[in-house]
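**Student:** To start, I am sharing the structure in question, which I have written as structure tokens.
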Amino acid sequence: MTLKEKVGQLFMVDVFSSKSKQETDKIHKLIEDFSIGGIIFSKGGPQRQAKLTNEYQQLSKIPLLIGMDAEWGLAMRLDSTKAFPWNMTLGAIQDNSLVEETGKQIAKHCKRLGVHVNFAPVVDINTNPKNPIIGNRSFGEDKDNVTAKSLAFMKGMQTEGILSSAKHFPGHGDTDSDSHKTLPTISFDEHRIDSIELYPYKTLINEGLSSVMTAHLNIPSLEPRSGYPSSISENVVTKLLKDSLNFNGLIITDALNMKGASDFKSPGDIDLAAFLAGNDILLISENVPLASQKIVSAYYSGAITEERLAHSVRKILFAKYKVGLHKYKEVEAAYLTEELNSIGNEVLHEKLVENSLTVIKNDQAILPVKNLNLKKIAYVSLGDDSGDIFYEEMNKYTQVDWIKGAQLSDIIEKLKAYNYVIVGLHKSNANPWKDYKFTDKELVWLYEIARLNNTVLSVFSMPYAVLDLQTTANFKGILMAYQNSKTAQQKAAQLLFGAIEATGRLPVSLGEDFPEGTGYDTKSLKRLSYGIPESVGMNSYKLKRIDSIVEITLSEKMAPGLQLIVARKGKVIFDKSYGYHTYDQTRKVKSSDIYDLASLTKILATLPVTMELTDKGVISLDSKVGSLLPSFVGSNKEHITIRSMLSHYARLKAWIPFYIKTLDTVTSKPDKKYYTNKASEEFGIKVANNLYLRNDMKDSLMLRIKESELRDRLSYKYSDLPYYLMKSYIENYYGSSLAEITQEHFYAPLGANNTGYLPLNRFDKKRITPTENDTSFRYQVIHGYVHDQGAAMFGGVGGHAGLFANANDVTKIMQMYLNKGYYGGKQYIRQEIFDQFNTCTYCDRRVRRGVGFDKPQLGSSGPTCGCISMESFGHSGFTGTLTWADPEEEIVFVFLSNRTFPNAENRKLIYNNIRSEIQRVIYEAIDY
């Protein structure tokens with residue numbers, strides 16, 4: 001190498017791939033004429049950077065060392081790439097293996113893009129809350145925590161062959177000014193700097209740290225020359241870092257165009273001074289030709305010896321060898337963006353956020369939210385960023401109302417109607433330096449809101465925001481979410497409602513009340529969480545086949561639309577709505593829309609109450625119809641047991657078409673003897689819109705069931721009749737409607753607020769999908785009324801049909817079953833009782849059913865894909881619904897459609913086995 005080539009290796013020049021070709025082409029001359037050693041890429045995009053990297057490497061005689069600031073991932077500088085949580089967020093995590101995994105993942109991205117050195121980790125100990133440039137970039141204020149996190153991050157990167165670079169030496173954590181704009185002063189003595197600021201460096205150096213970045217700081221205790229930047233101080237770089245700390249890796253200056261350095265010396269002179277101080281790489285020189293000339297001149301004058309120059313050049317060349325540049329391969333552009341945004345990033349991000357969430361106050365165990373049926377919850381949003389995702393996620397658990405108002409008095413007045421208030425501070429997540437504080441107005445509002453009962457504050461911002469609160473005494477709970485990312489908002493909501501646990505610890509002090517390390521663990525209430533398929537061993541790409549099956553379903557008009565949910569291990573990992581309410585395609589299906597569940601009512605309404613009564617010892621599976629319903633004593637059904645009839649092994653008829661005998665024999669329309677178009681004292685049973693049935697018909701219908709003949713042979717026969725009987729018994733026992741019983745005992749405490757009978761009494765009709773244009777009984781579009789004729793004649797509340805819900809609520813109930821009766825902190829049904837009902841009593845007689853639950857087929861045809869465990873259970877519904885749960889694989893599958901619209905004769909969904917084929921895809925998507 002010539003002298004000029006050796007000197008050229010010292011320079012790492014900045015490039016913005018976002019800039020014009022004219023700008024990026026300027027690097028060609030620096031490569032060709034000055035043999036620069038490296039490039040540091042700044043703002044731009046991955047495809048443009050890859051193209052430039054290949055272009056520059058091809059020009060360079062000696063391969064270039066490529067660097068980037070990717071502290072929280074390539075997204076720190078590049079669009080179309082992944083941002084991981086900031087260091088402050090990671091600092092709250094107790095499991096350092098997750099931080100190491102973060103370092104690995106970022107390193108993989110760097111390697112894929114042809115980057116060799118990531119200027120990370122930031123090891124500054126942020127002991128000054130007013131630090132304007134470090135803050136969120138620091139792991140916190142505790143030296144042991146910062147060191148442990150930094151070491152884990154470093155190991156993760158270096159394991160993947162990427163050089164790490166600890167910064168900003170000797171420590172930028174306790175400053176109140178920004179070295180990009182001025183020269184900050186560190187006024188501590190040597191002992192303090194040695195015990196705090198240098199603490200992480202000692203450990204990382206002993207563990208094989210690749211490089212160190214020197215900071216532009218004024219440190220009188222280490223450098224006696226007034227205002228002399230530490231980055232060009234021989235006392236700091238050589239005597240302290242190299243000699244005292246025995247660091248033999250690369251030493252890299254912070255950017256030499258920063259005001260902390262550039263204001264001190266002119267271009268060229270600052271580069272020479274930095275090299276003379278002991279730095280190896282001169283980062284972002286303002287004038288490479290002039291700086292090169294200055295260093296060459298110093299060489300010839302003897303100020304720089306051949307040994308000194310060779311020392312740095314050898315280190316740089318060795319670093320290039322270490323990262324594999326002796327076997328250089330250009331960056332492959334194909335699939336680059338896709339590979340940088342793999343699903344693995346999201347899985348890791350989800351884990352990191354879950355593990356960072358920190359509860360710093362939890363008076364009277366207000367978190368997580370329990371007893372939803374006793375809570376009326378309000379949400380108030382503060383800050384300059386959106387809290388929409390947080391709000392939407394909370395509403396997956398129960399009804400939460402967003403309270404807004406122009407004046408504080410408006411807000412307070414509205415909040416009086418609530419007994420639980422959640423306040424969110426949402427600040428910009430664009431970068432770590434964005435404003436994080438409450439405004440003065442917000443502080444006033446917050447104090448007044450906190451005076452209300454049960455107020456919880458969720459901070460989606462840097463934790464130091466809490467320092468501006470004069471008191472937190474009136475808050476019952478405070479949750480630190482650290483950032484306002486989509487994932488942080490989702491996971492914070494999940495923690496508040498007990499779907500996930502709180503394990504984080506505060507990485508910085510927030511006054512006397514909340515010292516560093518504060519954090520209360522909370523326990524999971526086993527409510528559903530929501531996340532990514534891969535986080536529970538499912539394969540996202542395989543699950544995409546569901547979309548193809550649904551596309552065929554809709555295009556072939558098997559159903560106008562549908563909702564579909566898949567959950568595994570208590571986490572919803574596939575939640576989509578497809579198509580429209582009707583074929584006229586005027587209203588798209590939304591996740592909040594409500595479907596007629598048809599026979600799913602059996603296991604979601606009648607069965608849980610039956611199990612509850614069994615659990616209380618009121619009845620047993622061997623209880624007989626005669627003991628349940630005294631009016632049935634002496635009938636042919638008197639000695640039928642609950643076990644046999646709910647297993648569909650009791651010789652009962654499949655169903656009785658009650659409505660036929662109430663039709664006019666001439667017109668085939670509702671007979672005026674039984675129906676009227678206006679409600680009255682005599683006609684009070686609402687069957688459909690403007691159609692009311694005579695009140696005494698309920699008794700007549702029950703009499704018909706009592707007097708109905710039994711089938712000749714004892715064999716399996718699916719029947720609706722047992723559920724008429726159980727409904728009658730349940731309502732007699734409780735003295736209340738099944739609609740009210742299920743709401744009070746199950747749906748309200750479960751947070752299944754979109755579930756229930758008689759949906760038009762509670763929901764906007766626009767949210768309800770119609771089920772059929774009925775041309776044989778009610779002669780109208782059935783919209784918001786139960787599709788089943790028998791249930792309609794009981795006023796829409798049937799034991800076998802009549803329940804409406806969305807897929808999310810059905811999943812909650814099925815997850816409760818999968819948890820053996822436990823959900824949301826409450827044991828609804830004891831495990832042993834549930835197991836009794838989920839038992840195939842008559843399997844030896846070719847009856848596949850459990851007690852109430854449907855079970856997998858015993859032969860070749862049946863309700864499932866045939867690829868599911870025999871422990872699984874579920875049910876299907878006539879309107880095109882199905883739900884199934886599998887304890888073995890911990891999977892819940894919910895499929896809701898209105899395949900009966902506009903005509904119930906449309907059985908394409910059934911003939912094509914759409915539901916079971918989707919179930920097959922789900923099982924094929926299990927990776928582990």
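By convention here, the chains of the structure tokens are called A, B, ... in the order presented, each chain's residues are numbered starting at 1, and ligands are numbered starting at 1 in the order presented.
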DSSP on the backbone: what in stretch 6-57 of chain A comes out alpha helix (DSSP H), as a list in words?
**Tutor:**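 Checking each residue of stretch 6-57 of chain A, the alpha helix (DSSP H) ones are Lys6, Val7, Gly8, Lys21, Gln22, Glu23, Thr24, Lys26, Ile27, His28, Lys29, Leu30, Ile31, Glu32, Asp33, Phe34, Pro46, Gln47, Arg48, Gln49, Ala50, Lys51, Leu52, Thr53, Asn54, Glu55, Tyr56 and Gln57 of chain A.
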**Student:** Run DSSP on the backbone and tell me which residues of stretch 170-239 of chain A come out as strand (DSSP E); list them as a PDB file with N, CA and C atoms, in the first residue's frame.
**Tutor:**
```pdb
ATOM      1  N   SER A 211     -15.193  -2.431  18.977  1.00  0.00           N
ATOM      2  CA  SER A 211     -14.734  -1.056  18.792  1.00  0.00           C
ATOM      3  C   SER A 211     -15.388  -0.132  19.805  1.00  0.00           C
ATOM      4  N   VAL A 212     -14.799   1.043  19.927  1.00  0.00           N
ATOM      5  CA  VAL A 212     -15.315   2.089  20.816  1.00  0.00           C
ATOM      6  C   VAL A 212     -15.407   3.380  20.016  1.00  0.00           C
ATOM      7  N   MET A 213     -16.503   4.110  20.225  1.00  0.00           N
ATOM      8  CA  MET A 213     -16.643   5.434  19.609  1.00  0.00           C
ATOM      9  C   MET A 213     -16.374   6.493  20.658  1.00  0.00           C
ATOM     10  N   THR A 214     -15.452   7.397  20.342  1.00  0.00           N
ATOM     11  CA  THR A 214     -15.082   8.449  21.287  1.00  0.00           C
ATOM     12  C   THR A 214     -15.987   9.670  21.107  1.00  0.00           C
TER      13      THR A 214
END
```
**Student:** Taking only C-alpha atoms into account, name the residue in A:Cys865, A:Met394, A:Gly44, A:Asp615 that is nearest to A:Tyr530.
**Tutor:**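 Closest residue, counting only C-alpha atoms: A:Met394.
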**Student:** Show which residues sit within 7 Å of stretch 246-261 of chain A, as a list in words. Count only C-alpha atoms, and ignore same-chain residues fewer than 5 positions away.
**Tutor:**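 Counting only the stated atoms, we get Ser179, His180, Lys181, Thr182, Leu183, Ile205, Ser210, Ser211, Val212, Met213, Thr214, Ala215, His216, Pro229, Ser231, Leu241, Asn279, Asp280, Ile281, Leu282, Leu283, Ile284, Ser285, Glu286 and Lys315 of chain A.
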**Student:** Could you give me, as a compact mmCIF listing (two decimals) with C-alpha atoms, in the first residue's frame, the residues within 12 Å of A:Lys669, counting only C-alpha atoms and dropping anything in the same chain fewer than 3 positions from it?
**Tutor:**
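Writing done, so here's out-v7.txt:
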```txt
# COMPACT_ATOMS: atom_id res chain seq x y z
CA TYR A 659 -94.67 -23.07 12.75
CA ILE A 660 -96.35 -25.14 10.02
CA LYS A 661 -99.48 -25.68 12.06
CA THR A 662 -99.71 -21.93 12.69
CA LEU A 663 -99.91 -21.06 8.99
CA ASP A 664 -103.14 -20.36 7.13
CA THR A 665 -103.98 -23.48 5.13
CA VAL A 666 -105.00 -21.38 2.15
CA LYS A 672 -104.43 -14.48 12.14
CA LYS A 673 -105.69 -16.82 14.87
CA TYR A 674 -102.13 -17.00 16.13
CA TYR A 675 -100.44 -13.84 14.86
CA THR A 676 -100.99 -10.11 14.65
CA LEU A 691 -95.23 -10.13 13.64
CA ASP A 774 -87.93 -15.99 4.54
CA THR A 775 -90.62 -16.95 2.00
CA SER A 776 -92.22 -19.79 3.93
CA PHE A 777 -93.04 -18.47 7.39
CA ARG A 778 -92.39 -14.81 8.22
CA TYR A 779 -92.31 -13.48 4.65
CA GLN A 780 -89.62 -10.89 5.23
```
**Student:** To one decimal in Å, tell me the separation between atom CA of A:Gly735 and atom CA of A:Val609.
**Tutor:**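 Going from atom CA of A:Gly735 over to atom CA of A:Val609, I get 13.6 Å.
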**Student:** From the options A:Ala807, A:Ala50, A:Ile134, A:Ala334, which residue's atoms come nearest to A:Trp433, counting only C-alpha atoms?
**Tutor:**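 Among the listed residues, the smallest separation from A:Trp433 belongs to A:Ile134.
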**Student:** For stretch 602-667 of chain A against stretch 701-720 of chain A, with a cut-off of 8 Å and counting only C-alpha atoms, what is the closest atom pair and its distance in Å to one decimal for every residue that makes the cut, ordered by chain and number, as a tab-separated table?
**Tutor:**
```
residue	atom	partner	partner_atom	distance
A:Phe632	CA	A:Lys706	CA	6.4
A:Ser635	CA	A:Lys706	CA	6.6
A:Asn636	CA	A:Leu710	CA	7.4
A:Lys637	CA	A:Lys706	CA	7.2
A:His648	CA	A:Tyr718	CA	5.2
A:Tyr649	CA	A:Tyr716	CA	5.0
A:Ala650	CA	A:Leu714	CA	6.7
A:Arg651	CA	A:Arg711	CA	4.8
A:Leu652	CA	A:Leu710	CA	5.3
A:Lys653	CA	A:Ser719	CA	6.1
A:Ala654	CA	A:Ser719	CA	3.9
A:Trp655	CA	A:Asp720	CA	5.6
A:Ile656	CA	A:Ile705	CA	7.8
A:Phe658	CA	A:Leu701	CA	7.0
```
**Student:** What is the atom CA of A:Phe11 to atom CA of A:Gly38 distance in Å?
**Tutor:** 6.3 Å
**Student:** May I have the residues within 9 Å of A:Gly8 as a tab-separated table (two decimals) with N, CA and C atoms, in the first residue's frame, using only C-alpha atoms and disregarding those fewer than 6 positions away in the same chain?
**Tutor:**
```
chain	number	residue	atom	x	y	z
A	30	LEU	N	-13.51	10.03	-4.00
A	30	LEU	CA	-12.84	9.74	-2.73
A	30	LEU	C	-12.30	8.32	-2.71
A	31	ILE	N	-13.02	7.40	-3.34
A	31	ILE	CA	-12.56	6.01	-3.41
A	31	ILE	C	-11.37	5.91	-4.35
A	34	PHE	N	-8.44	8.74	-3.13
A	34	PHE	CA	-7.93	8.77	-1.77
A	34	PHE	C	-8.03	7.43	-1.05
A	35	SER	N	-8.54	6.41	-1.72
A	35	SER	CA	-8.59	5.05	-1.16
A	35	SER	C	-9.23	5.03	0.23
A	36	ILE	N	-10.36	5.73	0.37
A	36	ILE	CA	-11.01	5.76	1.68
A	36	ILE	C	-11.31	4.33	2.15
A	37	GLY	N	-11.31	4.16	3.48
A	37	GLY	CA	-11.43	2.81	4.03
A	37	GLY	C	-12.85	2.35	4.28
A	288	VAL	N	-12.12	15.30	3.28
A	288	VAL	CA	-11.16	14.19	3.20
A	288	VAL	C	-9.88	14.59	2.48
A	292	SER	N	-6.49	14.31	4.47
A	292	SER	CA	-5.47	13.37	3.99
A	292	SER	C	-4.13	14.09	3.82
```
**Student:** Between atom CA of A:Ile232 and atom CA of A:Ala273, what distance in Å does the model show, to one decimal?
**Tutor:**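 Between atom CA of A:Ile232 and atom CA of A:Ala273 the gap works out to 5.6 Å.
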**Student:** A:His349, A:Lys434, A:Lys29, A:Lys51: which is nearest A:Thr102, counting only C-alpha atoms?
**Tutor:** A:His349
**Student:** Could you pull the residues within 12 Å of A:Gly821, counting only C-alpha atoms, minus those fewer than 6 positions along the same chain, as a list in words?
**Tutor:**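 The residues satisfying every condition are Lys526, Arg527, Pro608, Val609, Met611, Glu612, Asp615, Phe746, Leu750, Lys812, Ile813, Met814, Gln815, Gln827, Tyr828, Ile829, Arg830, Gln831, Glu832, Ile833, Phe834, Asp835, Phe837 and Asn838 of chain A.
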**Student:** Which one of A:Phe895, A:Leu10, A:Gly208, A:Pro515 sits closest to A:Ala274 if you count only C-alpha atoms?
**Tutor:**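 Closest candidate: A:Leu10.
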**Student:** What's the 10 Å shell around A:Val589, counting only C-alpha atoms, without same-chain residues fewer than 2 positions away, as a ChimeraX atom specification?
**Tutor:** /A:560-563,576-582,585-587,591-594,767-769,897
**Student:** Output N, CA and C atoms for every residue in the selection just made, as a PDB file, in the first residue's frame.
**Tutor:**
```
ATOM      1  N   PRO A 560     -72.159 -14.693   1.635  1.00  0.00           N
ATOM      2  CA  PRO A 560     -71.780 -13.334   1.234  1.00  0.00           C
ATOM      3  C   PRO A 560     -70.590 -12.774   1.996  1.00  0.00           C
ATOM      4  N   GLY A 561     -70.345 -13.293   3.185  1.00  0.00           N
ATOM      5  CA  GLY A 561     -69.236 -12.810   3.987  1.00  0.00           C
ATOM      6  C   GLY A 561     -69.059 -13.678   5.213  1.00  0.00           C
ATOM      7  N   LEU A 562     -67.995 -13.431   5.971  1.00  0.00           N
ATOM      8  CA  LEU A 562     -67.757 -14.256   7.159  1.00  0.00           C
ATOM      9  C   LEU A 562     -66.705 -13.629   8.060  1.00  0.00           C
ATOM     10  N   GLN A 563     -66.691 -14.090   9.299  1.00  0.00           N
ATOM     11  CA  GLN A 563     -65.632 -13.780  10.267  1.00  0.00           C
ATOM     12  C   GLN A 563     -64.907 -15.071  10.603  1.00  0.00           C
ATOM     13  N   LYS A 576     -59.782 -12.325  10.955  1.00  0.00           N
ATOM     14  CA  LYS A 576     -60.101 -11.616   9.725  1.00  0.00           C
ATOM     15  C   LYS A 576     -61.601 -11.634   9.464  1.00  0.00           C
ATOM     16  N   SER A 577     -62.029 -10.572   8.827  1.00  0.00           N
ATOM     17  CA  SER A 577     -63.408 -10.482   8.348  1.00  0.00           C
ATOM     18  C   SER A 577     -63.349 -10.363   6.830  1.00  0.00           C
ATOM     19  N   TYR A 578     -64.257 -11.072   6.173  1.00  0.00           N
ATOM     20  CA  TYR A 578     -64.240 -11.127   4.711  1.00  0.00           C
ATOM     21  C   TYR A 578     -65.624 -10.803   4.144  1.00  0.00           C
ATOM     22  N   GLY A 579     -65.631 -10.267   2.940  1.00  0.00           N
ATOM     23  CA  GLY A 579     -66.867 -10.119   2.200  1.00  0.00           C
ATOM     24  C   GLY A 579     -67.798  -9.067   2.765  1.00  0.00           C
ATOM     25  N   TYR A 580     -69.079  -9.306   2.535  1.00  0.00           N
ATOM     26  CA  TYR A 580     -70.100  -8.321   2.843  1.00  0.00           C
ATOM     27  C   TYR A 580     -71.253  -8.963   3.610  1.00  0.00           C
ATOM     28  N   HIS A 581     -72.129  -8.116   4.128  1.00  0.00           N
ATOM     29  CA  HIS A 581     -73.317  -8.622   4.820  1.00  0.00           C
ATOM     30  C   HIS A 581     -74.238  -9.354   3.849  1.00  0.00           C
ATOM     31  N   THR A 582     -74.366  -8.809   2.639  1.00  0.00           N
ATOM     32  CA  THR A 582     -75.238  -9.403   1.620  1.00  0.00           C
ATOM     33  C   THR A 582     -74.533  -9.340   0.272  1.00  0.00           C
ATOM     34  N   GLN A 585     -73.328  -6.151  -1.659  1.00  0.00           N
ATOM     35  CA  GLN A 585     -72.012  -5.597  -1.346  1.00  0.00           C
ATOM     36  C   GLN A 585     -72.058  -4.126  -0.928  1.00  0.00           C
ATOM     37  N   THR A 586     -73.024  -3.779  -0.112  1.00  0.00           N
ATOM     38  CA  THR A 586     -73.114  -2.398   0.369  1.00  0.00           C
ATOM     39  C   THR A 586     -72.440  -2.202   1.723  1.00  0.00           C
ATOM     40  N   ARG A 587     -72.312  -3.270   2.504  1.00  0.00           N
ATOM     41  CA  ARG A 587     -71.677  -3.143   3.826  1.00  0.00           C
ATOM     42  C   ARG A 587     -70.680  -4.271   4.038  1.00  0.00           C
ATOM     43  N   SER A 591     -65.108  -6.813  12.182  1.00  0.00           N
ATOM     44  CA  SER A 591     -64.927  -7.737  13.306  1.00  0.00           C
ATOM     45  C   SER A 591     -65.957  -7.504  14.406  1.00  0.00           C
ATOM     46  N   SER A 592     -66.534  -6.324  14.455  1.00  0.00           N
ATOM     47  CA  SER A 592     -67.530  -6.009  15.479  1.00  0.00           C
ATOM     48  C   SER A 592     -68.941  -6.415  15.070  1.00  0.00           C
ATOM     49  N   ASP A 593     -69.112  -6.879  13.840  1.00  0.00           N
ATOM     50  CA  ASP A 593     -70.442  -7.261  13.369  1.00  0.00           C
ATOM     51  C   ASP A 593     -70.895  -8.564  14.020  1.00  0.00           C
ATOM     52  N   ILE A 594     -72.209  -8.763  14.000  1.00  0.00           N
ATOM     53  CA  ILE A 594     -72.815  -9.832  14.796  1.00  0.00           C
ATOM     54  C   ILE A 594     -73.567 -10.804  13.892  1.00  0.00           C
ATOM     55  N   ARG A 767     -75.055  -3.425  12.375  1.00  0.00           N
ATOM     56  CA  ARG A 767     -73.981  -4.338  12.804  1.00  0.00           C
ATOM     57  C   ARG A 767     -74.381  -5.805  12.681  1.00  0.00           C
ATOM     58  N   ILE A 768     -75.647  -6.074  12.432  1.00  0.00           N
ATOM     59  CA  ILE A 768     -76.150  -7.448  12.436  1.00  0.00           C
ATOM     60  C   ILE A 768     -76.312  -7.938  11.003  1.00  0.00           C
ATOM     61  N   THR A 769     -75.778  -9.092  10.696  1.00  0.00           N
ATOM     62  CA  THR A 769     -75.925  -9.636   9.340  1.00  0.00           C
ATOM     63  C   THR A 769     -77.286 -10.322   9.203  1.00  0.00           C
ATOM     64  N   SER A 897     -70.681 -17.274   9.516  1.00  0.00           N
ATOM     65  CA  SER A 897     -71.155 -16.775   8.232  1.00  0.00           C
ATOM     66  C   SER A 897     -72.672 -16.772   8.218  1.00  0.00           C
TER      67      SER A 897
END
```
**Student:** Between A:Ile106, A:Ile741, A:Leu113, A:Met480, which is the closest to A:Pro46 once you count only C-alpha atoms?
**Tutor:** A:Leu113
**Student:** Using only C-alpha atoms, what does the table of stretch 827-903 of chain A residues within 12 Å of stretch 800-804 of chain A look like, with each row giving the shortest atom pair and its distance in Å to one decimal, sorted by chain and ascending number, as CSV?
**Tutor:**
```
residue,atom,partner,partner_atom,distance
A:Gly852,CA,A:His800,CA,10.5
A:His875,CA,A:His800,CA,11.5
A:Ser876,CA,A:Ala801,CA,11.5
A:Gly877,CA,A:Ala801,CA,8.8
A:Phe878,CA,A:Ala801,CA,9.6
A:Thr879,CA,A:Ala801,CA,10.4
A:Thr881,CA,A:Phe804,CA,11.0
A:Leu896,CA,A:Phe804,CA,10.4
A:Ser897,CA,A:Phe804,CA,11.6
A:Asn898,CA,A:Phe804,CA,11.7
```
**Student:** Just the selected residues (C-alpha atoms), exported as a compact mmCIF listing (two decimals), in the first residue's frame, please.
**Tutor:**
```txt
# COMPACT_ATOMS: atom_id res chain seq x y z
CA GLY A 852 -73.86 -31.22 24.58
CA HIS A 875 -70.44 -27.42 17.37
CA SER A 876 -71.75 -26.23 14.02
CA GLY A 877 -74.77 -24.11 13.18
CA PHE A 878 -77.35 -24.13 10.41
CA THR A 879 -76.68 -20.52 9.35
CA THR A 881 -71.31 -21.21 11.75
CA LEU A 896 -69.21 -17.34 11.43
CA SER A 897 -71.15 -16.77 8.23
CA ASN A 898 -74.68 -16.21 6.97
```
**Student:** Nearest to A:Gly114 among A:Ser869, A:Ser230, A:Gln49, A:Thr883, with distances taken over only C-alpha atoms: which residue is it?
**Tutor:**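 Closest to A:Gly114, using only C-alpha atoms: A:Gln49.
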